$ cat entry-v2.pdb   # PDB, C-alpha atoms and all ligand atoms
ATOM      1  CA  MET Z  29     104.613  71.623  41.265  1.00  0.00           C
ATOM      2  CA  MET Z  30     105.137  68.399  43.215  1.00  0.00           C
ATOM      3  CA  LEU Z  31     107.490  65.510  42.390  1.00  0.00           C
ATOM      4  CA  ARG Z  32     107.089  62.093  44.008  1.00  0.00           C
ATOM      5  CA  ILE Z  33     110.440  60.335  43.718  1.00  0.00           C
ATOM      6  CA  ALA Z  34     111.376  56.689  44.282  1.00  0.00           C
ATOM      7  CA  ARG Z  35     114.112  56.240  46.866  1.00  0.00           C
ATOM      8  CA  SER Z  36     116.174  53.208  47.813  1.00  0.00           C
ATOM      9  CA  ARG Z  37     117.813  53.219  51.190  1.00  0.00           C
ATOM     10  CA  ASP Z  38     120.212  50.373  50.565  1.00  0.00           C
ATOM     11  CA  GLY Z  39     119.975  50.027  46.801  1.00  0.00           C
ATOM     12  CA  GLY Z  40     118.522  46.940  45.192  1.00  0.00           C
ATOM     13  CA  GLU Z  41     114.879  48.007  45.300  1.00  0.00           C
ATOM     14  CA  ILE Z  42     112.587  50.961  45.916  1.00  0.00           C
ATOM     15  CA  SER Z  43     112.173  51.370  49.692  1.00  0.00           C
ATOM     16  CA  HIS Z  44     109.819  54.381  49.722  1.00  0.00           C
ATOM     17  CA  TYR Z  45     108.787  57.527  47.847  1.00  0.00           C
ATOM     18  CA  ASP Z  46     109.583  61.104  48.900  1.00  0.00           C
ATOM     19  CA  LEU Z  47     107.428  64.054  47.944  1.00  0.00           C
ATOM     20  CA  TYR Z  48     109.064  67.408  47.072  1.00  0.00           C
ATOM     21  CA  LYS Z  49     107.556  70.755  46.215  1.00  0.00           C
ATOM     22  CA  ILE Z  50     109.609  72.589  43.639  1.00  0.00           C
ATOM     23  CA  GLU Z  51     109.515  76.087  42.235  1.00  0.00           C
ATOM     24  CA  SER Z  52     108.829  75.505  38.556  1.00  0.00           C
ATOM     25  CA  LYS Z  53     109.612  77.845  35.694  1.00  0.00           C
ATOM     26  CA  LYS Z  54     108.581  77.778  32.053  1.00  0.00           C
ATOM     27  CA  GLY Z  55     110.709  75.355  30.052  1.00  0.00           C
ATOM     28  CA  MET Z  56     112.073  73.597  33.135  1.00  0.00           C
ATOM     29  CA  THR Z  57     112.963  69.951  32.640  1.00  0.00           C
ATOM     30  CA  VAL Z  58     112.609  67.031  35.030  1.00  0.00           C
ATOM     31  CA  LEU Z  59     116.428  67.047  35.325  1.00  0.00           C
ATOM     32  CA  ASP Z  60     116.331  70.751  36.325  1.00  0.00           C
ATOM     33  CA  ALA Z  61     113.769  69.858  38.996  1.00  0.00           C
ATOM     34  CA  LEU Z  62     115.999  67.069  40.340  1.00  0.00           C
ATOM     35  CA  PHE Z  63     118.895  69.558  40.597  1.00  0.00           C
ATOM     36  CA  GLN Z  64     116.685  71.986  42.501  1.00  0.00           C
ATOM     37  CA  ILE Z  65     115.718  69.252  44.971  1.00  0.00           C
ATOM     38  CA  GLN Z  66     119.342  68.133  45.378  1.00  0.00           C
ATOM     39  CA  ASP Z  67     120.616  71.724  45.790  1.00  0.00           C
ATOM     40  CA  ARG Z  68     117.916  73.087  48.096  1.00  0.00           C
ATOM     41  CA  MET Z  69     116.196  70.202  49.860  1.00  0.00           C
ATOM     42  CA  ASP Z  70     117.929  66.849  49.788  1.00  0.00           C
ATOM     43  CA  PRO Z  71     121.611  66.440  48.821  1.00  0.00           C
ATOM     44  CA  SER Z  72     121.291  62.677  49.234  1.00  0.00           C
ATOM     45  CA  LEU Z  73     119.051  62.324  46.170  1.00  0.00           C
ATOM     46  CA  SER Z  74     120.996  60.327  43.553  1.00  0.00           C
ATOM     47  CA  PHE Z  75     120.557  60.504  39.795  1.00  0.00           C
ATOM     48  CA  ARG Z  76     122.827  60.246  36.776  1.00  0.00           C
ATOM     49  CA  TYR Z  77     123.418  62.898  34.105  1.00  0.00           C
ATOM     50  CA  SER Z  78     126.214  64.422  32.052  1.00  0.00           C
ATOM     51  CA  CYS Z  79     125.436  66.427  28.898  1.00  0.00           C
ATOM     52  CA  ARG Z  80     122.018  67.903  29.861  1.00  0.00           C
ATOM     53  CA  GLY Z  81     121.251  67.995  26.141  1.00  0.00           C
ATOM     54  CA  ALA Z  82     120.000  64.497  25.093  1.00  0.00           C
ATOM     55  CA  VAL Z  83     123.411  63.439  23.837  1.00  0.00           C
ATOM     56  CA  CYS Z  84     125.093  61.285  26.489  1.00  0.00           C
ATOM     57  CA  GLY Z  85     122.190  58.952  27.332  1.00  0.00           C
ATOM     58  CA  SER Z  86     122.848  59.078  31.097  1.00  0.00           C
ATOM     59  CA  CYS Z  87     119.578  60.438  32.470  1.00  0.00           C
ATOM     60  CA  ALA Z  88     117.059  57.779  31.402  1.00  0.00           C
ATOM     61  CA  MET Z  89     114.372  57.185  34.018  1.00  0.00           C
ATOM     62  CA  LEU Z  90     110.683  56.449  34.390  1.00  0.00           C
ATOM     63  CA  ILE Z  91     108.574  59.617  34.379  1.00  0.00           C
ATOM     64  CA  ASN Z  92     104.886  59.068  35.098  1.00  0.00           C
ATOM     65  CA  GLY Z  93     105.375  55.435  34.114  1.00  0.00           C
ATOM     66  CA  GLU Z  94     107.103  56.138  30.802  1.00  0.00           C
ATOM     67  CA  PRO Z  95     110.839  55.704  30.078  1.00  0.00           C
ATOM     68  CA  ARG Z  96     112.235  59.102  29.083  1.00  0.00           C
ATOM     69  CA  LEU Z  97     115.371  61.256  29.199  1.00  0.00           C
ATOM     70  CA  ALA Z  98     114.997  63.610  32.184  1.00  0.00           C
ATOM     71  CA  CYS Z  99     116.986  66.347  30.428  1.00  0.00           C
ATOM     72  CA  ARG Z 100     114.668  66.297  27.434  1.00  0.00           C
ATOM     73  CA  THR Z 101     111.364  66.128  29.280  1.00  0.00           C
ATOM     74  CA  GLN Z 102     109.813  69.442  30.255  1.00  0.00           C
ATOM     75  CA  LEU Z 103     107.663  69.437  33.386  1.00  0.00           C
ATOM     76  CA  GLU Z 104     104.736  70.953  31.546  1.00  0.00           C
ATOM     77  CA  SER Z 105     104.777  68.186  28.929  1.00  0.00           C
ATOM     78  CA  VAL Z 106     104.516  65.328  31.419  1.00  0.00           C
ATOM     79  CA  GLY Z 107     101.141  63.668  31.198  1.00  0.00           C
ATOM     80  CA  GLY Z 108     101.701  59.946  31.029  1.00  0.00           C
ATOM     81  CA  GLY Z 109     100.373  57.628  28.362  1.00  0.00           C
ATOM     82  CA  GLY Z 110     101.784  59.758  25.529  1.00  0.00           C
ATOM     83  CA  LEU Z 111     104.066  57.029  24.238  1.00  0.00           C
ATOM     84  CA  ASN Z 112     101.257  54.473  24.127  1.00  0.00           C
ATOM     85  CA  LEU Z 113     103.520  51.602  25.228  1.00  0.00           C
ATOM     86  CA  ARG Z 114     102.329  48.056  25.738  1.00  0.00           C
ATOM     87  CA  SER Z 115     102.208  47.806  29.502  1.00  0.00           C
ATOM     88  CA  PHE Z 116     103.987  45.390  31.848  1.00  0.00           C
ATOM     89  CA  PRO Z 117     104.169  45.443  35.671  1.00  0.00           C
ATOM     90  CA  ALA Z 118     107.163  47.811  36.009  1.00  0.00           C
ATOM     91  CA  LEU Z 119     105.353  50.480  33.973  1.00  0.00           C
ATOM     92  CA  GLU Z 120     102.199  50.183  36.073  1.00  0.00           C
ATOM     93  CA  SER Z 121     103.599  51.318  39.401  1.00  0.00           C
ATOM     94  CA  SER Z 122     101.144  53.469  41.323  1.00  0.00           C
ATOM     95  CA  PRO Z 123     102.572  54.150  44.778  1.00  0.00           C
ATOM     96  CA  ARG Z 124     100.186  54.753  47.639  1.00  0.00           C
ATOM     97  CA  GLY Z 125      99.230  58.412  47.873  1.00  0.00           C
ATOM     98  CA  TRP Z 126     100.360  59.354  44.348  1.00  0.00           C
ATOM     99  CA  ASN Z 127      98.017  61.905  42.811  1.00  0.00           C
ATOM    100  CA  PRO Z 128      98.671  61.845  39.032  1.00  0.00           C
ATOM    101  CA  ASP Z 129      96.744  65.115  38.601  1.00  0.00           C
ATOM    102  CA  SER Z 130      99.075  67.163  40.777  1.00  0.00           C
ATOM    103  CA  GLU Z 131     102.332  65.165  41.105  1.00  0.00           C
ATOM    104  CA  ILE Z 132     104.960  63.919  38.674  1.00  0.00           C
ATOM    105  CA  LEU Z 133     106.137  60.401  39.511  1.00  0.00           C
ATOM    106  CA  VAL Z 134     109.864  59.761  38.969  1.00  0.00           C
ATOM    107  CA  GLU Z 135     111.299  56.243  39.239  1.00  0.00           C
ATOM    108  CA  PRO Z 136     114.409  54.381  38.067  1.00  0.00           C
ATOM    109  CA  LEU Z 137     114.519  52.806  34.598  1.00  0.00           C
ATOM    110  CA  PRO Z 138     113.027  49.272  34.751  1.00  0.00           C
ATOM    111  CA  ASN Z 139     114.756  45.994  33.864  1.00  0.00           C
ATOM    112  CA  LEU Z 140     118.127  46.964  35.385  1.00  0.00           C
ATOM    113  CA  PRO Z 141     119.175  46.623  39.063  1.00  0.00           C
ATOM    114  CA  ILE Z 142     118.865  49.763  41.193  1.00  0.00           C
ATOM    115  CA  LEU Z 143     122.108  51.054  42.684  1.00  0.00           C
ATOM    116  CA  LYS Z 144     120.570  54.032  44.509  1.00  0.00           C
ATOM    117  CA  ASP Z 145     117.401  56.080  43.998  1.00  0.00           C
ATOM    118  CA  LEU Z 146     117.285  56.829  40.235  1.00  0.00           C
ATOM    119  CA  VAL Z 147     120.675  55.327  39.386  1.00  0.00           C
ATOM    120  CA  VAL Z 148     120.622  51.866  37.820  1.00  0.00           C
ATOM    121  CA  ASP Z 149     123.436  49.427  37.140  1.00  0.00           C
ATOM    122  CA  MET Z 150     123.972  49.468  33.351  1.00  0.00           C
ATOM    123  CA  SER Z 151     126.320  46.440  33.314  1.00  0.00           C
ATOM    124  CA  THR Z 152     123.772  44.018  31.843  1.00  0.00           C
ATOM    125  CA  PHE Z 153     123.032  46.463  29.025  1.00  0.00           C
ATOM    126  CA  TYR Z 154     126.710  47.118  28.217  1.00  0.00           C
ATOM    127  CA  ASN Z 155     127.675  43.441  28.586  1.00  0.00           C
ATOM    128  CA  ALA Z 156     125.185  42.496  25.882  1.00  0.00           C
ATOM    129  CA  LEU Z 157     126.902  44.880  23.438  1.00  0.00           C
ATOM    130  CA  GLU Z 158     130.299  43.535  24.369  1.00  0.00           C
ATOM    131  CA  SER Z 159     129.273  39.883  24.171  1.00  0.00           C
ATOM    132  CA  MET Z 160     128.148  40.448  20.574  1.00  0.00           C
ATOM    133  CA  HIS Z 161     131.459  42.118  19.597  1.00  0.00           C
ATOM    134  CA  LEU Z 162     129.651  45.149  18.223  1.00  0.00           C
ATOM    135  CA  TRP Z 163     132.514  47.133  16.823  1.00  0.00           C
ATOM    136  CA  ALA Z 164     134.094  47.559  13.378  1.00  0.00           C
ATOM    137  CA  ASP Z 165     136.854  45.102  12.519  1.00  0.00           C
ATOM    138  CA  PRO Z 166     140.073  46.852  11.473  1.00  0.00           C
ATOM    139  CA  VAL Z 167     141.295  46.119   7.955  1.00  0.00           C
ATOM    140  CA  GLU Z 168     145.039  45.668   7.672  1.00  0.00           C
ATOM    141  CA  GLY Z 169     146.463  48.143   5.171  1.00  0.00           C
ATOM    142  CA  GLY Z 170     142.879  49.140   4.286  1.00  0.00           C
ATOM    143  CA  SER Z 171     141.770  52.433   2.784  1.00  0.00           C
ATOM    144  CA  PRO Z 172     140.033  55.091   4.950  1.00  0.00           C
ATOM    145  CA  GLY Z 173     136.627  53.640   4.096  1.00  0.00           C
ATOM    146  CA  LEU Z 174     134.784  56.341   2.208  1.00  0.00           C
ATOM    147  CA  GLN Z 175     131.011  56.209   1.793  1.00  0.00           C
ATOM    148  CA  THR Z 176     128.650  57.762  -0.709  1.00  0.00           C
ATOM    149  CA  PRO Z 177     125.723  59.783   0.717  1.00  0.00           C
ATOM    150  CA  GLU Z 178     123.403  56.940  -0.372  1.00  0.00           C
ATOM    151  CA  GLU Z 179     125.467  54.362   1.511  1.00  0.00           C
ATOM    152  CA  ARG Z 180     125.498  56.577   4.586  1.00  0.00           C
ATOM    153  CA  SER Z 181     121.735  57.077   4.425  1.00  0.00           C
ATOM    154  CA  ARG Z 182     121.208  53.331   5.007  1.00  0.00           C
ATOM    155  CA  ILE Z 183     122.592  53.656   8.529  1.00  0.00           C
ATOM    156  CA  ASP Z 184     121.451  57.223   9.313  1.00  0.00           C
ATOM    157  CA  ARG Z 185     118.876  56.313  11.965  1.00  0.00           C
ATOM    158  CA  LEU Z 186     120.941  53.545  13.489  1.00  0.00           C
ATOM    159  CA  VAL Z 187     124.077  55.585  14.202  1.00  0.00           C
ATOM    160  CA  ASN Z 188     122.025  58.002  16.323  1.00  0.00           C
ATOM    161  CA  CYS Z 189     121.881  55.578  19.260  1.00  0.00           C
ATOM    162  CA  ILE Z 190     123.181  57.203  22.463  1.00  0.00           C
ATOM    163  CA  LEU Z 191     123.088  53.979  24.525  1.00  0.00           C
ATOM    164  CA  CYS Z 192     120.555  55.388  26.975  1.00  0.00           C
ATOM    165  CA  ALA Z 193     118.933  51.943  27.534  1.00  0.00           C
ATOM    166  CA  ILE Z 194     115.426  53.382  27.310  1.00  0.00           C
ATOM    167  CA  CYS Z 195     114.572  50.657  24.787  1.00  0.00           C
ATOM    168  CA  PHE Z 196     115.920  48.046  27.222  1.00  0.00           C
ATOM    169  CA  GLY Z 197     113.823  49.511  30.050  1.00  0.00           C
ATOM    170  CA  SER Z 198     110.668  49.703  27.960  1.00  0.00           C
ATOM    171  CA  CYS Z 199     110.825  46.134  26.629  1.00  0.00           C
ATOM    172  CA  PRO Z 200     108.488  43.512  28.143  1.00  0.00           C
ATOM    173  CA  VAL Z 201     110.795  40.727  26.885  1.00  0.00           C
ATOM    174  CA  ASN Z 202     113.751  42.221  28.801  1.00  0.00           C
ATOM    175  CA  ALA Z 203     111.441  42.397  31.838  1.00  0.00           C
ATOM    176  CA  GLU Z 204     110.807  38.655  31.681  1.00  0.00           C
ATOM    177  CA  ASN Z 205     114.082  37.305  30.352  1.00  0.00           C
ATOM    178  CA  GLY Z 206     117.340  38.567  31.836  1.00  0.00           C
ATOM    179  CA  ASP Z 207     119.325  36.863  29.051  1.00  0.00           C
ATOM    180  CA  TYR Z 208     117.754  38.784  26.162  1.00  0.00           C
ATOM    181  CA  VAL Z 209     120.402  41.134  24.709  1.00  0.00           C
ATOM    182  CA  GLY Z 210     117.748  43.785  24.080  1.00  0.00           C
ATOM    183  CA  PRO Z 211     116.762  46.160  21.253  1.00  0.00           C
ATOM    184  CA  ALA Z 212     119.802  48.477  21.211  1.00  0.00           C
ATOM    185  CA  ALA Z 213     122.324  45.643  20.789  1.00  0.00           C
ATOM    186  CA  LEU Z 214     120.318  44.176  17.908  1.00  0.00           C
ATOM    187  CA  ALA Z 215     119.938  47.582  16.250  1.00  0.00           C
ATOM    188  CA  LYS Z 216     123.685  48.069  16.506  1.00  0.00           C
ATOM    189  CA  ALA Z 217     124.334  44.632  14.960  1.00  0.00           C
ATOM    190  CA  TRP Z 218     122.107  45.653  12.044  1.00  0.00           C
ATOM    191  CA  ARG Z 219     123.932  48.996  11.823  1.00  0.00           C
ATOM    192  CA  PHE Z 220     127.250  47.194  11.199  1.00  0.00           C
ATOM    193  CA  HIS Z 221     125.611  44.695   8.837  1.00  0.00           C
ATOM    194  CA  GLU Z 222     124.266  47.540   6.704  1.00  0.00           C
ATOM    195  CA  ASP Z 223     127.454  49.649   6.776  1.00  0.00           C
ATOM    196  CA  SER Z 224     129.064  49.604   3.303  1.00  0.00           C
ATOM    197  CA  ARG Z 225     132.524  49.573   4.947  1.00  0.00           C
ATOM    198  CA  THR Z 226     131.901  46.320   6.822  1.00  0.00           C
ATOM    199  CA  VAL Z 227     134.096  43.513   5.542  1.00  0.00           C
ATOM    200  CA  ASN Z 228     132.175  40.577   6.987  1.00  0.00           C
ATOM    201  CA  PRO Z 229     128.503  41.543   7.534  1.00  0.00           C
ATOM    202  CA  GLN Z 230     127.488  37.977   8.357  1.00  0.00           C
ATOM    203  CA  ARG Z 231     129.414  38.071  11.613  1.00  0.00           C
ATOM    204  CA  TYR Z 232     126.938  40.645  12.968  1.00  0.00           C
ATOM    205  CA  THR Z 233     123.778  38.850  11.906  1.00  0.00           C
ATOM    206  CA  GLU Z 234     125.145  35.571  13.248  1.00  0.00           C
ATOM    207  CA  SER Z 235     125.530  37.076  16.717  1.00  0.00           C
ATOM    208  CA  ALA Z 236     122.188  38.893  16.404  1.00  0.00           C
ATOM    209  CA  THR Z 237     120.384  35.620  15.682  1.00  0.00           C
ATOM    210  CA  SER Z 238     121.983  33.693  18.550  1.00  0.00           C
ATOM    211  CA  GLN Z 239     119.564  32.215  21.080  1.00  0.00           C
ATOM    212  CA  ASN Z 240     119.568  35.326  23.303  1.00  0.00           C
ATOM    213  CA  GLY Z 241     119.099  37.689  20.379  1.00  0.00           C
ATOM    214  CA  ALA Z 242     116.450  38.355  17.732  1.00  0.00           C
ATOM    215  CA  PRO Z 243     114.621  35.003  18.171  1.00  0.00           C
ATOM    216  CA  LEU Z 244     113.463  36.190  21.629  1.00  0.00           C
ATOM    217  CA  CYS Z 245     111.965  39.458  20.337  1.00  0.00           C
ATOM    218  CA  ASP Z 246     108.158  39.444  20.074  1.00  0.00           C
ATOM    219  CA  LEU Z 247     108.087  42.620  17.931  1.00  0.00           C
ATOM    220  CA  VAL Z 248     106.090  44.487  20.589  1.00  0.00           C
ATOM    221  CA  MET Z 249     107.689  47.729  19.325  1.00  0.00           C
ATOM    222  CA  ASN Z 250     107.779  49.556  22.666  1.00  0.00           C
ATOM    223  CA  CYS Z 251     111.425  50.282  21.757  1.00  0.00           C
ATOM    224  CA  VAL Z 252     110.359  52.121  18.598  1.00  0.00           C
ATOM    225  CA  LYS Z 253     107.860  54.284  20.483  1.00  0.00           C
ATOM    226  CA  ALA Z 254     110.138  55.072  23.430  1.00  0.00           C
ATOM    227  CA  CYS Z 255     113.530  55.657  21.753  1.00  0.00           C
ATOM    228  CA  PRO Z 256     114.310  59.380  22.148  1.00  0.00           C
ATOM    229  CA  LYS Z 257     116.611  59.434  19.103  1.00  0.00           C
ATOM    230  CA  GLY Z 258     114.375  57.791  16.495  1.00  0.00           C
ATOM    231  CA  VAL Z 259     116.620  54.746  16.103  1.00  0.00           C
ATOM    232  CA  ALA Z 260     113.604  52.428  15.757  1.00  0.00           C
ATOM    233  CA  PRO Z 261     115.348  49.255  16.945  1.00  0.00           C
ATOM    234  CA  GLY Z 262     112.234  47.153  16.309  1.00  0.00           C
ATOM    235  CA  GLY Z 263     112.445  47.875  12.578  1.00  0.00           C
ATOM    236  CA  ALA Z 264     116.052  46.643  12.519  1.00  0.00           C
ATOM    237  CA  ILE Z 265     115.083  43.519  14.476  1.00  0.00           C
ATOM    238  CA  ARG Z 266     112.298  42.788  12.013  1.00  0.00           C
ATOM    239  CA  LYS Z 267     114.827  42.940   9.168  1.00  0.00           C
ATOM    240  CA  ILE Z 268     117.186  40.606  11.040  1.00  0.00           C
ATOM    241  CA  LYS Z 269     114.324  38.157  11.541  1.00  0.00           C
ATOM    242  CA  GLU Z 270     113.359  38.356   7.841  1.00  0.00           C
ATOM    243  CA  LEU Z 271     116.943  37.680   6.835  1.00  0.00           C
TER     244      LEU Z 271
HETATM  245  S1  LIG Z 301     118.133  52.503  20.485  1.00  0.00           S
HETATM  246 FE1  LIG Z 301     117.242  54.444  21.227  1.00  0.00          FE
HETATM  247  S2  LIG Z 301     116.374  53.914  23.230  1.00  0.00           S
HETATM  248 FE2  LIG Z 301     117.791  52.255  22.683  1.00  0.00          FE
HETATM  249  S3  LIG Z 301     119.748  52.807  23.640  1.00  0.00           S
HETATM  250 FE3  LIG Z 301     119.782  53.625  21.544  1.00  0.00          FE
HETATM  251  S4  LIG Z 301     119.012  55.743  21.707  1.00  0.00           S
HETATM  252 FE4  LIG Z 301     118.455  54.692  23.625  1.00  0.00          FE
HETATM  253  S1  LIG Z 302     122.018  64.313  30.625  1.00  0.00           S
HETATM  254 FE1  LIG Z 302     122.828  63.499  28.758  1.00  0.00          FE
HETATM  255  S2  LIG Z 302     121.105  62.618  27.804  1.00  0.00           S
HETATM  256 FE2  LIG Z 302     120.265  63.582  29.556  1.00  0.00          FE
END

$ encode --input "entry-v2.pdb" --output "structure tokens" --more "lines below"
Ligand code: SF4
Ligand code: FES
Amino acid sequence: MMLRIARSRDGGEISHYDLYKIESKKGMTVLDALFQIQDRMDPSLSFRYSCRGAVCGSCAMLINGEPRLACRTQLESVGGGGLNLRSFPALESSPRGWNPDSEILVEPLPNLPILKDLVVDMSTFYNALESMHLWADPVEGGSPGLQTPEERSRIDRLVNCILCAICFGSCPVNAENGDYVGPAALAKAWRFHEDSRTVNPQRYTESATSQNGAPLCDLVMNCVKACPKGVAPGGAIRKIKEL
């Protein structure tokens, strides 16, 4: 099994691609393959990970042109085109010499600056969440905030977000407009709006409908198809727009 991996000598952009032959085993993930390359062939290869179990959101990258979690993507399942995303230039990369029939292409997540190889700078993504004040407001002397199962079910999907930024990297609007806060931030705003314990739900929809928020979304729905946790940010954005 061969992996063609994007490298960046000085960060900032892809400088070249390196080709590695790995010893694959049944059930092996792309993250396992990256470890094998780093351990046995090239210790300078940089990538981010933590949990290895699709929980921390650290290992998002482009695998055969599709944004995926490396720890959740088995080598044998990689085909490309499975997510059926609406394309934009960053998803169409086809480096010289790449043979899609025999090589897996691994590149950094689009729409965020490259720090080194497969590691991107997440600041823009995190700053959007912070700028919208997406946290619960404390209630002075308030009760513990119990919820019924029905109330909890309204936010079930939305609380599953692991902040992997795959939706951000798969969004053609984020590709064109660096100011757009992106799907995850808007889904989180809707999550607090819908939470029965929220004291002032309007504060979240007001920030979600600011000029860099929901009005910029074209409802392409790449975020819904690519999200590895089924959060479906596009559905939340549609509801914000309807409101
Ligand atoms: S909404 Fe989905 S794709 Fe976006 S950051 Fe959260 S888990 Fe990742
Ligand atoms: S290593 Fe945590 S989500 Fe992949």

$ closest_residue --input "entry-v2.pdb" --among "Z:Gly197, Z:Pro229, Z:Gly81, Z:Pro172" --to "ligand LIG 301 (chain Z)" --atoms "only C-alpha atoms and all ligand atoms"
Z:Gly197

$ residues_around --input "entry-v2.pdb" --residues "Asp145 in chain Z" --least-positions-apart "6" --cutoff "12 Å" --atoms "only C-alpha atoms" --output "number ranges by chain"
Z: 32-46, 62, 72-76, 89-90, 134-137

$ resolve_selection --input "entry-v2.pdb" --expression "the PyMOL selection byres (((not hetatm)) within 12 of (chain Z and resi 301))" --output "ChimeraX atom specification"
/Z:82-89,95-97,137,150,153-154,156-157,185-199,209-219,249-265

$ axis_aligned_box --input "entry-v2.pdb" --around "ligand LIG 302 (chain Z)" --padding-each-side "4 Å" --output "lines of an AutoDock Vina configuration file"
center_x = 121.5
center_y = 63.5
center_z = 29.2
size_x = 10.6
size_y = 9.7
size_z = 10.8

$ closest_residue --input "entry-v2.pdb" --among "Z:Ile91, Z:Met56, Z:Cys79, Z:Leu103" --to "Pro138 in chain Z" --atoms "only C-alpha atoms"
Z:Ile91

$ resolve_selection --input "entry-v2.pdb" --expression "the PyMOL selection byres (((chain Z and resi 48-54) around 10) and not hetatm)" --output "list of chain:residue names"
Z:Met29, Z:Met30, Z:Leu31, Z:Arg32, Z:Ile33, Z:Tyr45, Z:Asp46, Z:Leu47, Z:Gly55, Z:Met56, Z:Thr57, Z:Val58, Z:Asp60, Z:Ala61, Z:Leu62, Z:Gln64, Z:Ile65, Z:Arg68, Z:Met69, Z:Asp70, Z:Gln102, Z:Leu103, Z:Glu104, Z:Glu131, Z:Ile132

$ closest_residue --input "entry-v2.pdb" --among "Z:Leu59, Z:Ile183, Z:Ala164, Z:Ala236" --to "ligand LIG 302 (chain Z)" --atoms "only C-alpha atoms and all ligand atoms"
Z:Leu59

$ closest_residue --input "entry-v2.pdb" --among "Z:Val106, Z:Leu113, Z:Ala98, Z:Ala242" --to "ligand LIG 302 (chain Z)" --atoms "all atoms listed in the file"
Z:Ala98

$ residues_around --input "entry-v2.pdb" --residues "Asn240 in chain Z" --least-positions-apart "4" --cutoff "7 Å" --atoms "all atoms listed in the file" --output "VMD selection string"
chain Z and resid 207 to 209 244

$ atom_distance --input "entry-v2.pdb" --atom1 "CA of Gln175 in chain Z" --atom2 "CA of Arg266 in chain Z"
25.2 Å

$ build_atoms --input "entry-v2.pdb" --residues "range 86-100 of chain Z" --atoms "N, CA and C atoms" --output "PDB file, in the coordinates of the input"
ATOM      1  N   SER Z  86     122.680  59.448  29.683  1.00  0.00           N
ATOM      2  CA  SER Z  86     122.848  59.078  31.097  1.00  0.00           C
ATOM      3  C   SER Z  86     121.582  59.198  31.936  1.00  0.00           C
ATOM      4  N   CYS Z  87     120.643  60.040  31.542  1.00  0.00           N
ATOM      5  CA  CYS Z  87     119.578  60.438  32.470  1.00  0.00           C
ATOM      6  C   CYS Z  87     118.250  59.733  32.217  1.00  0.00           C
ATOM      7  N   ALA Z  88     118.304  58.511  31.653  1.00  0.00           N
ATOM      8  CA  ALA Z  88     117.059  57.779  31.402  1.00  0.00           C
ATOM      9  C   ALA Z  88     116.411  57.376  32.713  1.00  0.00           C
ATOM     10  N   MET Z  89     115.116  57.584  32.824  1.00  0.00           N
ATOM     11  CA  MET Z  89     114.372  57.185  34.018  1.00  0.00           C
ATOM     12  C   MET Z  89     112.892  57.078  33.668  1.00  0.00           C
ATOM     13  N   LEU Z  90     112.112  56.606  34.622  1.00  0.00           N
ATOM     14  CA  LEU Z  90     110.683  56.449  34.390  1.00  0.00           C
ATOM     15  C   LEU Z  90     109.974  57.707  34.899  1.00  0.00           C
ATOM     16  N   ILE Z  91     109.265  58.377  34.008  1.00  0.00           N
ATOM     17  CA  ILE Z  91     108.574  59.617  34.379  1.00  0.00           C
ATOM     18  C   ILE Z  91     107.083  59.419  34.115  1.00  0.00           C
ATOM     19  N   ASN Z  92     106.313  59.427  35.172  1.00  0.00           N
ATOM     20  CA  ASN Z  92     104.886  59.068  35.098  1.00  0.00           C
ATOM     21  C   ASN Z  92     104.690  57.747  34.349  1.00  0.00           C
ATOM     22  N   GLY Z  93     105.527  56.782  34.672  1.00  0.00           N
ATOM     23  CA  GLY Z  93     105.375  55.435  34.114  1.00  0.00           C
ATOM     24  C   GLY Z  93     105.876  55.266  32.699  1.00  0.00           C
ATOM     25  N   GLU Z  94     106.579  56.275  32.159  1.00  0.00           N
ATOM     26  CA  GLU Z  94     107.103  56.138  30.802  1.00  0.00           C
ATOM     27  C   GLU Z  94     108.612  56.369  30.811  1.00  0.00           C
ATOM     28  N   PRO Z  95     109.390  55.517  30.105  1.00  0.00           N
ATOM     29  CA  PRO Z  95     110.839  55.704  30.078  1.00  0.00           C
ATOM     30  C   PRO Z  95     111.202  56.909  29.205  1.00  0.00           C
ATOM     31  N   ARG Z  96     111.897  57.868  29.803  1.00  0.00           N
ATOM     32  CA  ARG Z  96     112.235  59.102  29.083  1.00  0.00           C
ATOM     33  C   ARG Z  96     113.582  59.632  29.557  1.00  0.00           C
ATOM     34  N   LEU Z  97     114.178  60.529  28.758  1.00  0.00           N
ATOM     35  CA  LEU Z  97     115.371  61.256  29.199  1.00  0.00           C
ATOM     36  C   LEU Z  97     114.904  62.429  30.055  1.00  0.00           C
ATOM     37  N   ALA Z  98     115.429  62.531  31.284  1.00  0.00           N
ATOM     38  CA  ALA Z  98     114.997  63.610  32.184  1.00  0.00           C
ATOM     39  C   ALA Z  98     115.390  64.982  31.646  1.00  0.00           C
ATOM     40  N   CYS Z  99     116.511  65.047  30.916  1.00  0.00           N
ATOM     41  CA  CYS Z  99     116.986  66.347  30.428  1.00  0.00           C
ATOM     42  C   CYS Z  99     116.204  66.827  29.216  1.00  0.00           C
ATOM     43  N   ARG Z 100     115.406  65.929  28.648  1.00  0.00           N
ATOM     44  CA  ARG Z 100     114.668  66.297  27.434  1.00  0.00           C
ATOM     45  C   ARG Z 100     113.166  66.375  27.696  1.00  0.00           C
TER      46      ARG Z 100
END
